[in-house]
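**Q** First, the structure itself, so that you have it in front of you.
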Amino acid sequence: MNLFSQLAVEPTHEELWAGAVLMRGLALAQDAEFFAAMGTIMAEAPLHHATTPGGLPMGVMVTDCGTPEAFRRRWDPGNPEVRRLWPPMPRVLMDFALRCAVRAGFPQGRPDACHVNRYQAGTKLGMHQDRHEIDLTQPIVSVSLGLECIFLLGGLERTDKAKRILLEHGDVVVWGGPSRMRFHGVLPLKPGHHPLTGPYRYNLTFRTTCGGANHLRWGQLRLRALDHLQWG
Ligand code: MD3
Ligand code: FE
């Protein structure tokens with residue numbers, strides 16, 4: 001924790017790029033409540049190592065919760081460890097994600113899944129895009145808890161120069177609009193101890209992975225969103 005986060009009484013509202021809004025400290029008031037809810041998710045769906053698209057184990061440990069539809073889209077038949085149905089998203093987390101989306105200017109945000117990442121000292125996340133969700137017009141809400149990290153926010157090409165952003169306990173970022181497809185990653189975590197999370201950094205990402213009954217319409221929206229990103 002630094003001087004700034006100790007003194008801040010109001011969450012900030014910083015536009016990192018168009019559509020990417022950083023609200024420092026927004027999750028602080030409910031941090032223990034959120035951490036307890038994450039405990040219930042992890043008890044039902046234990047953390048496991050993420051794998052790269054090529055099947056290699058990654059340092060970051062992950063789990064998920066959300067609707068059965070979201071589970072069916074994400075379930076990997078090749079990974080028997082995650083065969084059990086995801087637990088539902090705890091109400092406190094869903095409510096908070098909705099409020100974050102509204103506050104960032106995305107009142108239509110309707111997440112159906114929450115992905116949990118856990119980092120320990122040395123764990124990093126390479127530059128990537130989040131392109132597996134069906135509806136790319138929906139923003140992603142991300143909540144950081146525990147140890148701080150340096151987050152890399154790049155452009156729409158992997159090689160674009162990235163901004164470095166310090167993400168601390170309680171920080172929330174909403175990624176939408178023209179920033180939805182930016183490349184991003186996390187530098188190796190520095191060792192440390194946090195009073196709530198011990199030696200770990202957790203990141204929650206709330207996503208809309210299915211379109212529900214609007215599946216087809218979402219498909220069209222997605223194409224339009226991609227057009228917008230390439231030419232807008
Ligand atoms: C930036 N997680 O799980 S916040 C991920 O801190 C992931 O664990 C990071 O990237 C973490 O995929 C970063 C999430 C995030 C999600 C979507 C984005 C950042 C984004 C889309 C565009 C730009
Ligand atoms: Fe990502």
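Going through the structure tokens in order, the chains are called A, B, and so on, while each chain numbers its residues from 1 and the ligands are numbered from 1 in the order shown.
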With a distance cut-off of 7 Å and only C-alpha atoms, select the neighbouring residues of Val60 in chain A, excluding the residue or stretch itself and same-chain residues fewer than 3 positions from it, and output the selection as a list of chain:residue names.

**A**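 Close residues of Val60 in chain A: A:His49, A:Ala50, A:Asn117, A:Arg118, A:Tyr119, A:Thr123.
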
**Q** I want to know what sits within 6 Å of range 101-114 of chain A, based on only C-alpha atoms, with residues of the same chain fewer than 3 positions away left out; could you give that as a list in words?

**A** Asp64, Cys65, Gly66, Thr67, Leu98, Gln138, Thr205, Phe206, Arg207 and Thr208 of chain A

**Q** Do you know which residues are at most 10 Å from Arg72 in chain A counting only C-alpha atoms, after dropping those on the same chain fewer than 5 positions away, and could you put them as JSON, numbers by chain?

**A** {"A": [67, 83, 85, 86, 210]}

**Q** Only C-alpha atoms, please: the residues just picked out, written as a compact mmCIF listing (two decimals), in the first residue's frame.

**A**
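Saved to out-v9.txt:
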# COMPACT_ATOMS: atom_id res chain seq x y z
CA THR A 67 -23.95 -19.56 -15.60
CA ARG A 83 -15.19 -31.15 -15.55
CA LEU A 85 -20.04 -27.53 -13.31
CA TRP A 86 -18.94 -24.05 -12.28
CA CYS A 210 -22.75 -16.07 -23.94

**Q** Select the residues contacting ligand 2 at a distance of at most 7 Å, based on only C-alpha atoms and all ligand atoms, then format the selection as a ChimeraX atom specification.

**A** /A:128-130,184-185

**Q** For CA of Pro87 in chain A and CA of Asp135 in chain A, determine how far apart the two atoms are, in Å to one decimal place.

**A**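 Interatomic distance here is 22.1 Å.
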
**Q** Give me, please, the distance in Å between CA of Arg201 in chain A and CA of Ser144 in chain A, quoted to one decimal.

**A**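 Computed distance, CA of Arg201 in chain A to CA of Ser144 in chain A, equals 7.3 Å.
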
**Q** Kindly assemble as CSV a list of the chain A residues that lie within 9 Å of ligand 1, each paired with its nearest atom pair and their distance in Å to one decimal, using only C-alpha atoms and all ligand atoms, sorted first by chain and then by ascending residue number.

**A**
residue,atom,partner,partner_atom_place_in_ligand_line,distance
A:Ala20,CA,ligand 1,23 (C),7.3
A:Val60,CA,ligand 1,8 (O),8.4
A:Val62,CA,ligand 1,3 (O),8.6
A:His115,CA,ligand 1,3 (O),6.7
A:Val116,CA,ligand 1,3 (O),7.3
A:Asn117,CA,ligand 1,8 (O),5.4
A:Arg118,CA,ligand 1,8 (O),7.5
A:Tyr119,CA,ligand 1,8 (O),7.9
A:Lys124,CA,ligand 1,8 (O),8.9
A:Leu125,CA,ligand 1,9 (C),7.2
A:Gly126,CA,ligand 1,10 (O),8.8
A:Met127,CA,ligand 1,10 (O),8.3
A:His128,CA,ligand 1,10 (O),7.3
A:Gln129,CA,ligand 1,21 (C),6.5
A:Asp130,CA,ligand 1,17 (C),5.6
A:Arg131,CA,ligand 1,21 (C),8.6
A:Pro139,CA,ligand 1,17 (C),8.0
A:Ile140,CA,ligand 1,17 (C),5.5
A:Val141,CA,ligand 1,16 (C),7.1
A:Ser142,CA,ligand 1,4 (S),5.1
A:Val143,CA,ligand 1,4 (S),7.3
A:Ser144,CA,ligand 1,6 (O),6.8
A:Cys149,CA,ligand 1,6 (O),7.9
A:Ile150,CA,ligand 1,6 (O),8.9
A:Phe151,CA,ligand 1,6 (O),6.8
A:Leu152,CA,ligand 1,1 (C),8.3
A:Leu153,CA,ligand 1,1 (C),6.2
A:Gly154,CA,ligand 1,23 (C),7.6
A:Gly155,CA,ligand 1,23 (C),8.5
A:Leu167,CA,ligand 1,6 (O),8.1
A:Val172,CA,ligand 1,4 (S),8.9
A:Val173,CA,ligand 1,4 (S),7.4
A:Val174,CA,ligand 1,20 (C),7.9
A:Trp175,CA,ligand 1,21 (C),5.3
A:Gly176,CA,ligand 1,22 (C),7.2
A:Pro178,CA,ligand 1,22 (C),8.9
A:Ser179,CA,ligand 1,22 (C),5.5
A:Arg180,CA,ligand 1,22 (C),4.3
A:Met181,CA,ligand 1,22 (C),5.0
A:Arg182,CA,ligand 1,22 (C),4.4
A:Phe183,CA,ligand 1,23 (C),5.9
A:His184,CA,ligand 1,1 (C),5.2
A:Gly185,CA,ligand 1,10 (O),5.9
A:Val186,CA,ligand 1,6 (O),6.2
A:Arg201,CA,ligand 1,8 (O),8.5
A:Tyr202,CA,ligand 1,8 (O),7.1
A:Asn203,CA,ligand 1,8 (O),4.7
A:Leu204,CA,ligand 1,8 (O),7.0
A:Thr205,CA,ligand 1,14 (C),5.8
A:Phe206,CA,ligand 1,16 (C),8.5
A:Arg207,CA,ligand 1,16 (C),8.6

**Q** Could you turn the residues from that selection into a file that holds C-alpha atoms, as a compact mmCIF listing (two decimals), in the first residue's frame?

**A**
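Written out: part.txt:
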# COMPACT_ATOMS: atom_id res chain seq x y z
CA ALA A 20 -10.68 1.90 -20.50
CA VAL A 60 -1.08 -18.23 -12.98
CA VAL A 62 -7.31 -19.94 -12.24
CA HIS A 115 -12.77 -15.67 -14.10
CA VAL A 116 -10.37 -15.72 -11.12
CA ASN A 117 -6.60 -15.39 -11.56
CA ARG A 118 -4.17 -15.96 -8.69
CA TYR A 119 -0.55 -14.78 -8.98
CA LYS A 124 3.45 -13.17 -15.04
CA LEU A 125 0.89 -13.01 -17.81
CA GLY A 126 2.20 -12.57 -21.35
CA MET A 127 0.72 -10.04 -23.76
CA HIS A 128 -2.59 -11.30 -25.17
CA GLN A 129 -6.06 -10.23 -26.28
CA ASP A 130 -9.31 -11.44 -24.69
CA ARG A 131 -11.23 -12.57 -27.73
CA PRO A 139 -17.02 -4.58 -21.46
CA ILE A 140 -14.86 -6.65 -19.12
CA VAL A 141 -14.77 -5.53 -15.48
CA SER A 142 -11.57 -6.38 -13.63
CA VAL A 143 -10.99 -6.17 -9.87
CA SER A 144 -7.53 -6.46 -8.27
CA CYS A 149 1.35 -5.57 -10.00
CA ILE A 150 2.56 -3.67 -13.01
CA PHE A 151 -0.04 -4.06 -15.69
CA LEU A 152 0.89 -3.58 -19.36
CA LEU A 153 -1.72 -1.98 -21.59
CA GLY A 154 -0.82 -2.10 -25.25
CA GLY A 155 -2.56 -1.36 -28.52
CA LEU A 167 -2.66 -1.92 -10.11
CA VAL A 172 -11.09 -1.67 -10.62
CA VAL A 173 -10.67 -1.30 -14.38
CA VAL A 174 -13.46 -1.49 -16.92
CA TRP A 175 -12.33 -2.33 -20.44
CA GLY A 176 -14.81 -1.60 -23.18
CA PRO A 178 -12.45 0.84 -28.51
CA SER A 179 -10.17 -0.56 -25.78
CA ARG A 180 -11.87 -3.95 -25.57
CA MET A 181 -9.37 -5.65 -27.91
CA ARG A 182 -6.15 -4.04 -26.68
CA PHE A 183 -3.24 -6.36 -25.98
CA HIS A 184 -2.42 -6.55 -22.29
CA GLY A 185 -0.34 -8.48 -19.79
CA VAL A 186 1.13 -8.50 -16.28
CA ARG A 201 -2.46 -11.16 -6.04
CA TYR A 202 -5.96 -12.03 -7.20
CA ASN A 203 -7.68 -10.60 -10.22
CA LEU A 204 -11.35 -11.10 -10.97
CA THR A 205 -12.60 -10.54 -14.52
CA PHE A 206 -16.32 -10.34 -15.12
CA ARG A 207 -17.22 -11.26 -18.66

**Q** So which bits of range 37-229 of chain A end up alpha helix (DSSP H) when you DSSP the backbone, as a ChimeraX atom specification?

**A** /A:37-44,68-74,91-103,215-229

**Q** When you count only C-alpha atoms, which of these residues is closest to Thr40 in chain A: A:Met89, A:Leu166, A:Leu189, A:Met94?

**A** A:Met89

**Q** Step one, run DSSP on the backbone; step two, keep only residues of range 13-219 of chain A assigned to strand (DSSP E); then write them as a PyMOL selection string.

**A** chain A and resi 14-17+20-23+48-51+57-66+113-119+125-128+140-146+149-153+163-167+172-175+184-186+201-207

**Q** With only C-alpha atoms as the basis for distance, which of A:Ala37, A:Met61, A:Val21, A:Ile134 is at the shortest distance from Pro88 in chain A?

**A**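 Result for the nearest residue to Pro88 in chain A: A:Ala37.
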
**Q** Between CA of Gly59 in chain A and CA of Cys100 in chain A, what is the distance, to one decimal in Å?

**A** 28.3 Å
